[in-house]
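Report on the structure given below.
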Amino acid sequence: MKCQRCEKPSTFHITEIIGEEIHEFHLCEDHAKEYMANVPPSDNTPPSTPDDSPFESSVQIQLPQSQDELEKLDQETCPICGISFYEFRQKGRFGCPYDYIHFQKELEPLLANIHGVFKHTGKRPKRMAQSSGKQTELISLRREMQQAIEKELYEKASQIRDRIRQLETS
Amino acid sequence: MNFDDLLRNPSSWLQGTGPEADVVISSRIRLARNLADFPFIRQCTHTDRKGIESQIKQQLLDQPFFAESTFIDVSELSKLERQLLVERQLISQELSKTEGARSVAIAKQEAFSLMINEEDHLRIQVMESGFNLKETWDRINELDDHLEERLTYAFHEKFGYLTACPTNVGTGMRVSVMLHLPALTMTDQVDKVFRSLQEINLVVRGLYGEGSQSMGDLFQISNQLTLGKTEEELLAQVKEVVTEIIAFERKAREHLLLERKRELSDRASRAIGILSSAHTITSEETMDLLSSLRMGIYLNLVTQMKIPDINRIFLETQPAHLQKIYGGELDTYDRNTERAQYLQRYLHKISRSSDSSQN
């Protein structure tokens with residue numbers, strides 16, 4: 001199928017549900033990006049993707065914050081993986097498990113919007129991550145090590161590596 | 001893995017057996033899981049991706065449930081081989097198309113597949129032929145139990161299993177049932193059915209989840225919400241709705257058989273005519289014709305072909321399978337020619353064997 005706006009093949013199939021009306025768009029990658037960028041301002045977050053089909057059904061994610069609050073919130077970054085709230089909103093994907101804790105307050109209304117509720121009632125792993133602090137520390141240490149290598153701070157990198165190994169085997 | 005071995009047999013989900021196989025092609029469940037000590041995929045460095053891959057691989061290899069499974073490095077496969085796995089629904093389009101370290105573990109007889117470094121670190125998938133959600137869930141739940149004994153998943157008391165995308169958080173579970181709904185399509189009732197599904201948070205997709213376009217009257221129905229309900233509740237909801245749709249489709253078939261039998265027979269005969277004599281044919285047209293035949297077989301209007309034939313042709317006429325059988329790459333134009341030749345050979349073989357059985 002061709003893109004509705006140019007001759008390229010359509011790779012994105014967007015279904016927008018507004019009230020009772022269903023609108024379908026079949027667009028190439030470029031026009032899909034343009035379309036996503038032009039969604040009304042109330043539509044703060046890119047549509048989420050159920051399963052593996054991007055942009056298929058657009059779940060409207062409404063953030064309750066005012067414009068000012070949102071601008072401030074956008075600057076906020078996760079201390080573990082370093083992504084900002086803005087980056088999360090742009091791609092609709094989190095950077096690490098700790099984002100759920102760091103942005104918990106903002107997230108709860110958002111999850112309630114998507115799922116209707118925000119309390120898990122299903123299966124839980126039998127073996128819980130008892131030392132979740134340790135797991136999270138590993139994420140940030142690996143990131144620090146990478147940054148140290150990029151800055152050619154090899155001694156620092158090797159110290160971090162030792163600490164990572166220590167945590168991994170403990 | 002030897003791709004020729006894969007080709008020798010149709011996928012187990014395409015056996016055409018199992019409960020309600022006249023309407024339900026397959027039942028599938030996938031669980032999204034992430035390791036607690038790595039960032040989600042978008043923040044992963046190459047080293048992280050390698051680390052995730054090796055951690056999962058290491059924990060799996062000596063497990064009894066994993067015996068006779070194959071580990072495939074997807075980044076080393078050719079485009080054609082990746083597409084072959086997509087057509088068999090063993091990997092997603094996303095895993096096939098994205099860059100970077102990624103792999104898939106496939107169990108013997110394609111009983112399950114584990115995608116590593118897709119949107120989440122781990123995507124576990126189990127498929128069954130026919131309408132079989134209970135067994136599919138039991139199998140994937142057991143598999144997940146085995147995995148969590150060895151791997152520490154990212155889990156939060158309140159939010160459940162943590163996933164890269166907030167639409168998967170909680171159970172991380174997507175239940176999908178693939179339905180063949182030719183009679184509802186013919187009687188223009190399919191849209192009405194699907195509109196009512198949206199109100200109860202179920203999603204409808206085409207065959208490979210690529211947008212709303214459906215081919216061959218095949219539709220996938222799955223849950224949209226993943227948080228706040230138990231796995232059993234989510235399964236029960238899909239089961240209840242699918243059971244209703246099955247009854248609805250059967251009723252439409254009965255109605256067509258009563259009111260428009262000649263039209264149905266005509267469609268089926270023409271389908272065989274085109275499939276056995278075309279010189280060039282697209283995969284969309286092939287799927288539409290196979291749809292008429294599939295329904296015709298279940299309504300006893302077609303006797304010279306059986307459901308396993310339909311399923312075999314269905315899989316083997318898709319682009320990557322066709323090229324793999326042909327033994328080389330073909331452009332769209334040549335694929336359509338090759339597909340027509342494959343169909344002529346296949347149908348010729350069937351008509352000869354049915355002639356000789358009559359003598």
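Residue names in the structure tokens use chain letters A, B, ... in the order shown, residue numbers from 1 in each chain, and ligand numbers from 1 in the order shown.
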Find the residues near range 185-198 of chain B: any atom within 9 Å, counting only C-alpha atoms, skip ones fewer than 2 places away on the same chain, and give them as a list in words.
->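 Once the adjacent positions are removed, what remains is Leu181, Pro182, Ala183, Ile200, Asn201, Leu202, Val203, Val204, Asp217, Ile221, Val241, Ile245, Ala252 and Leu256 of chain B.
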Could the residues in this selection be saved with all heavy atoms as an mmCIF file, in the first residue's frame?
data_model
loop_
_atom_site.group_PDB
_atom_site.id
_atom_site.type_symbol
_atom_site.label_atom_id
_atom_site.label_comp_id
_atom_site.auth_asym_id
_atom_site.auth_seq_id
_atom_site.Cartn_x
_atom_site.Cartn_y
_atom_site.Cartn_z
ATOM 1 N N LEU B 181 -12.497 -15.379 9.732
ATOM 2 C CA LEU B 181 -13.881 -14.914 9.744
ATOM 3 C C LEU B 181 -14.412 -14.570 8.347
ATOM 4 O O LEU B 181 -14.857 -13.439 8.085
ATOM 5 C CB LEU B 181 -14.014 -13.687 10.661
ATOM 6 C CG LEU B 181 -13.512 -13.865 12.096
ATOM 7 C CD1 LEU B 181 -13.585 -12.548 12.864
ATOM 8 C CD2 LEU B 181 -14.305 -14.946 12.825
ATOM 9 N N PRO B 182 -14.398 -15.528 7.439
ATOM 10 C CA PRO B 182 -14.840 -15.219 6.070
ATOM 11 C C PRO B 182 -16.333 -14.912 5.971
ATOM 12 O O PRO B 182 -16.722 -14.024 5.205
ATOM 13 C CB PRO B 182 -14.504 -16.507 5.302
ATOM 14 C CG PRO B 182 -14.490 -17.586 6.333
ATOM 15 C CD PRO B 182 -13.988 -16.928 7.589
ATOM 16 N N ALA B 183 -17.162 -15.608 6.752
ATOM 17 C CA ALA B 183 -18.609 -15.400 6.615
ATOM 18 C C ALA B 183 -19.032 -14.053 7.191
ATOM 19 O O ALA B 183 -19.865 -13.359 6.622
ATOM 20 C CB ALA B 183 -19.378 -16.536 7.284
ATOM 21 N N ILE B 200 -14.670 -2.716 24.866
ATOM 22 C CA ILE B 200 -14.263 -3.505 26.028
ATOM 23 C C ILE B 200 -12.751 -3.744 26.042
ATOM 24 O O ILE B 200 -12.249 -4.723 26.587
ATOM 25 C CB ILE B 200 -15.023 -4.845 26.103
ATOM 26 C CG1 ILE B 200 -14.971 -5.552 24.742
ATOM 27 C CG2 ILE B 200 -16.451 -4.634 26.547
ATOM 28 C CD1 ILE B 200 -15.496 -6.959 24.800
ATOM 29 N N ASN B 201 -12.019 -2.815 25.410
ATOM 30 C CA ASN B 201 -10.562 -2.845 25.476
ATOM 31 C C ASN B 201 -9.904 -4.086 24.892
ATOM 32 O O ASN B 201 -8.920 -4.583 25.418
ATOM 33 C CB ASN B 201 -10.075 -2.664 26.916
ATOM 34 C CG ASN B 201 -10.362 -1.284 27.426
ATOM 35 O OD1 ASN B 201 -10.115 -0.303 26.722
ATOM 36 N ND2 ASN B 201 -10.899 -1.196 28.632
ATOM 37 N N LEU B 202 -10.482 -4.582 23.810
ATOM 38 C CA LEU B 202 -9.778 -5.618 23.066
ATOM 39 C C LEU B 202 -9.332 -5.003 21.742
ATOM 40 O O LEU B 202 -9.977 -4.109 21.219
ATOM 41 C CB LEU B 202 -10.667 -6.834 22.821
ATOM 42 C CG LEU B 202 -11.070 -7.628 24.074
ATOM 43 C CD1 LEU B 202 -11.903 -8.831 23.691
ATOM 44 C CD2 LEU B 202 -9.854 -8.079 24.859
ATOM 45 N N VAL B 203 -8.206 -5.498 21.220
ATOM 46 C CA VAL B 203 -7.638 -4.926 20.004
ATOM 47 C C VAL B 203 -7.742 -5.935 18.867
ATOM 48 O O VAL B 203 -7.565 -7.128 19.080
ATOM 49 C CB VAL B 203 -6.144 -4.598 20.225
ATOM 50 C CG1 VAL B 203 -5.568 -3.877 19.027
ATOM 51 C CG2 VAL B 203 -5.954 -3.768 21.473
ATOM 52 N N VAL B 204 -8.018 -5.444 17.673
ATOM 53 C CA VAL B 204 -8.055 -6.320 16.504
ATOM 54 C C VAL B 204 -6.930 -5.933 15.561
ATOM 55 O O VAL B 204 -6.699 -4.760 15.313
ATOM 56 C CB VAL B 204 -9.379 -6.179 15.735
ATOM 57 C CG1 VAL B 204 -9.436 -7.179 14.608
ATOM 58 C CG2 VAL B 204 -10.543 -6.349 16.668
ATOM 59 N N ASP B 217 -9.063 -12.774 5.326
ATOM 60 C CA ASP B 217 -10.093 -12.821 6.376
ATOM 61 C C ASP B 217 -9.553 -13.311 7.710
ATOM 62 O O ASP B 217 -10.275 -13.915 8.505
ATOM 63 C CB ASP B 217 -11.288 -13.701 5.945
ATOM 64 C CG ASP B 217 -11.882 -13.249 4.617
ATOM 65 O OD1 ASP B 217 -11.969 -12.027 4.399
ATOM 66 O OD2 ASP B 217 -12.238 -14.122 3.801
ATOM 67 N N ILE B 221 -7.207 -11.148 17.681
ATOM 68 C CA ILE B 221 -7.862 -10.407 18.752
ATOM 69 C C ILE B 221 -7.028 -10.539 20.006
ATOM 70 O O ILE B 221 -6.633 -11.646 20.384
ATOM 71 C CB ILE B 221 -9.280 -10.957 18.969
ATOM 72 C CG1 ILE B 221 -10.092 -10.620 17.717
ATOM 73 C CG2 ILE B 221 -9.915 -10.377 20.230
ATOM 74 C CD1 ILE B 221 -11.513 -10.964 17.785
ATOM 75 N N VAL B 241 -15.130 -13.465 24.877
ATOM 76 C CA VAL B 241 -15.447 -12.725 23.657
ATOM 77 C C VAL B 241 -15.218 -13.580 22.419
ATOM 78 O O VAL B 241 -16.043 -13.603 21.500
ATOM 79 C CB VAL B 241 -14.604 -11.429 23.604
ATOM 80 C CG1 VAL B 241 -14.754 -10.753 22.262
ATOM 81 C CG2 VAL B 241 -15.015 -10.499 24.723
ATOM 82 N N ILE B 245 -17.678 -14.716 19.281
ATOM 83 C CA ILE B 245 -17.397 -14.453 17.860
ATOM 84 C C ILE B 245 -17.447 -15.766 17.064
ATOM 85 O O ILE B 245 -17.945 -15.796 15.943
ATOM 86 C CB ILE B 245 -16.032 -13.745 17.673
ATOM 87 C CG1 ILE B 245 -16.057 -12.401 18.392
ATOM 88 C CG2 ILE B 245 -15.724 -13.548 16.196
ATOM 89 C CD1 ILE B 245 -14.742 -11.654 18.362
ATOM 90 N N ALA B 252 -23.258 -17.190 10.756
ATOM 91 C CA ALA B 252 -23.181 -16.527 9.445
ATOM 92 C C ALA B 252 -22.892 -17.557 8.352
ATOM 93 O O ALA B 252 -23.426 -17.468 7.244
ATOM 94 C CB ALA B 252 -22.108 -15.444 9.475
ATOM 95 N N LEU B 256 -25.225 -18.424 5.166
ATOM 96 C CA LEU B 256 -24.737 -18.383 3.788
ATOM 97 C C LEU B 256 -25.012 -19.699 3.078
ATOM 98 O O LEU B 256 -25.385 -19.733 1.913
ATOM 99 C CB LEU B 256 -23.227 -18.097 3.771
ATOM 100 C CG LEU B 256 -22.773 -16.666 4.060
ATOM 101 C CD1 LEU B 256 -21.257 -16.612 4.133
ATOM 102 C CD2 LEU B 256 -23.285 -15.713 2.987
#
With a distance cut-off of 10 Å and only C-alpha atoms, select the neighbouring residues of range 119-129 of chain A, excluding the residue or stretch itself and same-chain residues fewer than 6 positions from it, and output the selection as a ChimeraX atom specification.
-> /A:108,111-112,135 /B:36-37,141,144-145,147-161,169-172,226-234
Pick the closest to chain A from B:Glu240, B:Glu338, B:Asp288, B:Glu119: which is it, counting only C-alpha atoms?
->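 Checking each of B:Glu240, B:Glu338, B:Asp288, B:Glu119 against chain A, counting only C-alpha atoms, the winner is B:Glu119.
The gap separating CA of Lys349 in chain B from CA of Gly296 in chain B is 19.9 Å, in Å to one decimal.
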Counting only C-alpha atoms, which residues of chain A fall within 6 Å of chain B, and what is the closest atom pair for each with its distance in Å at one decimal, ordered by chain and rising number, as JSON lines?
{"residue": "A:His13", "atom": "CA", "partner": "B:Gly211", "partner_atom": "CA", "distance": 4.7}
{"residue": "A:Ser53", "atom": "CA", "partner": "B:Gly209", "partner_atom": "CA", "distance": 5.9}
{"residue": "A:Glu56", "atom": "CA", "partner": "B:Gly211", "partner_atom": "CA", "distance": 5.7}
{"residue": "A:Arg93", "atom": "CA", "partner": "B:Cys165", "partner_atom": "CA", "distance": 4.8}
{"residue": "A:Phe94", "atom": "CA", "partner": "B:Ala164", "partner_atom": "CA", "distance": 5.0}
{"residue": "A:Gly95", "atom": "CA", "partner": "B:Phe40", "partner_atom": "CA", "distance": 5.1}
{"residue": "A:Cys96", "atom": "CA", "partner": "B:Pro39", "partner_atom": "CA", "distance": 4.2}
{"residue": "A:His115", "atom": "CA", "partner": "B:Leu225", "partner_atom": "CA", "distance": 5.4}
{"residue": "A:Val117", "atom": "CA", "partner": "B:Gly228", "partner_atom": "CA", "distance": 5.8}
{"residue": "A:Lys119", "atom": "CA", "partner": "B:Lys158", "partner_atom": "CA", "distance": 5.2}
{"residue": "A:His120", "atom": "CA", "partner": "B:Gly228", "partner_atom": "CA", "distance": 4.8}
{"residue": "A:Thr121", "atom": "CA", "partner": "B:Thr230", "partner_atom": "CA", "distance": 5.4}
{"residue": "A:Gly122", "atom": "CA", "partner": "B:Thr230", "partner_atom": "CA", "distance": 3.9}
{"residue": "A:Gln135", "atom": "CA", "partner": "B:Asp37", "partner_atom": "CA", "distance": 4.3}
{"residue": "A:Thr136", "atom": "CA", "partner": "B:Asp37", "partner_atom": "CA", "distance": 5.8}
{"residue": "A:Leu138", "atom": "CA", "partner": "B:Asp37", "partner_atom": "CA", "distance": 5.7}
{"residue": "A:Ile139", "atom": "CA", "partner": "B:Phe38", "partner_atom": "CA", "distance": 5.1}
Those residues you just picked out, can you put them in a file as a PDB file, in the first residue's frame with C-alpha atoms?
ATOM      1  CA  HIS A  13      -0.852   2.340   9.955  1.00  0.00           C
ATOM      2  CA  SER A  53       3.014  -2.827  15.996  1.00  0.00           C
ATOM      3  CA  GLU A  56      -1.417   1.004  15.740  1.00  0.00           C
ATOM      4  CA  ARG A  93       9.602   4.198  26.350  1.00  0.00           C
ATOM      5  CA  PHE A  94      11.335   4.183  29.709  1.00  0.00           C
ATOM      6  CA  GLY A  95      15.092   4.036  30.120  1.00  0.00           C
ATOM      7  CA  CYS A  96      15.373   1.656  33.065  1.00  0.00           C
ATOM      8  CA  HIS A 115      -5.124   0.783  32.144  1.00  0.00           C
ATOM      9  CA  VAL A 117      -6.052   1.325  37.419  1.00  0.00           C
ATOM     10  CA  LYS A 119      -2.249  -1.710  40.953  1.00  0.00           C
ATOM     11  CA  HIS A 120      -0.870  -5.015  39.787  1.00  0.00           C
ATOM     12  CA  THR A 121      -2.884  -8.016  40.963  1.00  0.00           C
ATOM     13  CA  GLY A 122      -1.428 -10.773  38.811  1.00  0.00           C
ATOM     14  CA  GLN A 135      20.413  -4.392  40.766  1.00  0.00           C
ATOM     15  CA  THR A 136      19.871  -0.687  40.317  1.00  0.00           C
ATOM     16  CA  LEU A 138      24.661  -2.281  38.674  1.00  0.00           C
ATOM     17  CA  ILE A 139      22.755  -0.323  36.030  1.00  0.00           C
TER      18      ILE A 139
END
Counting only C-alpha atoms, figure out which residue out of A:Leu73, A:Cys3, A:Leu27, A:Phe88 gets nearest to Glu106 in chain A.
->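 Looking at the shortest contact to Glu106 in chain A, the residue is A:Leu73.
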Fewer than 2 positions away in the same chain doesn't count, so skip those; otherwise give me all residues within 9 Å of Gly82 in chain A, counting only C-alpha atoms, as a ChimeraX atom specification.
-> /A:77-80,84,95,140 /B:43
Quick one: DSSP strand (DSSP E) residues in range 101-190 of chain B, as a list in words?
->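 Output for range 101-190 of chain B, strand (DSSP E) only: Ser103, Val104, Ala105, Ile106, Phe112, Ser113, Leu114, Met115, Ile116, Leu122, Arg123, Ile124, Gln125, Val126, Met127, Glu128, Ser129, Phe155, His156, Gly160, Tyr161, Met173, Arg174, Val175, Ser176, Val177, Met178, Leu179 and His180 of chain B.
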Tell me which protein, DNA and RNA residues are within 10 Å of range 318-320 of chain B, counting only C-alpha atoms, leaving out same-chain ones fewer than 2 positions away, and put them as a ChimeraX atom specification.
-> /B:79-88,282-284,286-287,313-316,322-326,328-332,335-336,339
Point-to-point distance in Å for CA of Glu244 in chain B and CA of Gly116 in chain A = 24.7 Å
Shortest interatomic distance to Gln90 in chain A - which of A:His102, A:Arg143, A:Asp74, A:Ile114, counting only C-alpha atoms = A:Asp74
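Across the model, the gap from CA of Lys151 in chain A to CA of Glu99 in chain B is 25.4 Å.
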Nearest to Arg312 in chain B by atom-to-atom distance, counting only C-alpha atoms, from B:Ser276, B:Gln341, B:Gln220, B:Asn9 | B:Asn9
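Once range 267-269 of chain B and its same-chain neighbours fewer than 5 positions away are set aside, Leu289, Ser292, Leu293, Gly296, Leu301 and Val302 of chain B remain within 8 Å of it when counting only C-alpha atoms.
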When distances are computed from only C-alpha atoms, which of A:Phe103, A:Ser158, A:Leu167, A:Pro109 shows the smallest separation from Phe85 in chain A?
->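 Going through A:Phe103, A:Ser158, A:Leu167, A:Pro109 one by one, the smallest distance to Phe85 in chain A is for A:Phe103.
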Which one is closest to Gly100 in chain B: B:Ala21, B:Val74, B:Leu218, B:Met295? Count only C-alpha atoms.
->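 That would be B:Val74, the residue with the smallest distance to Gly100 in chain B.
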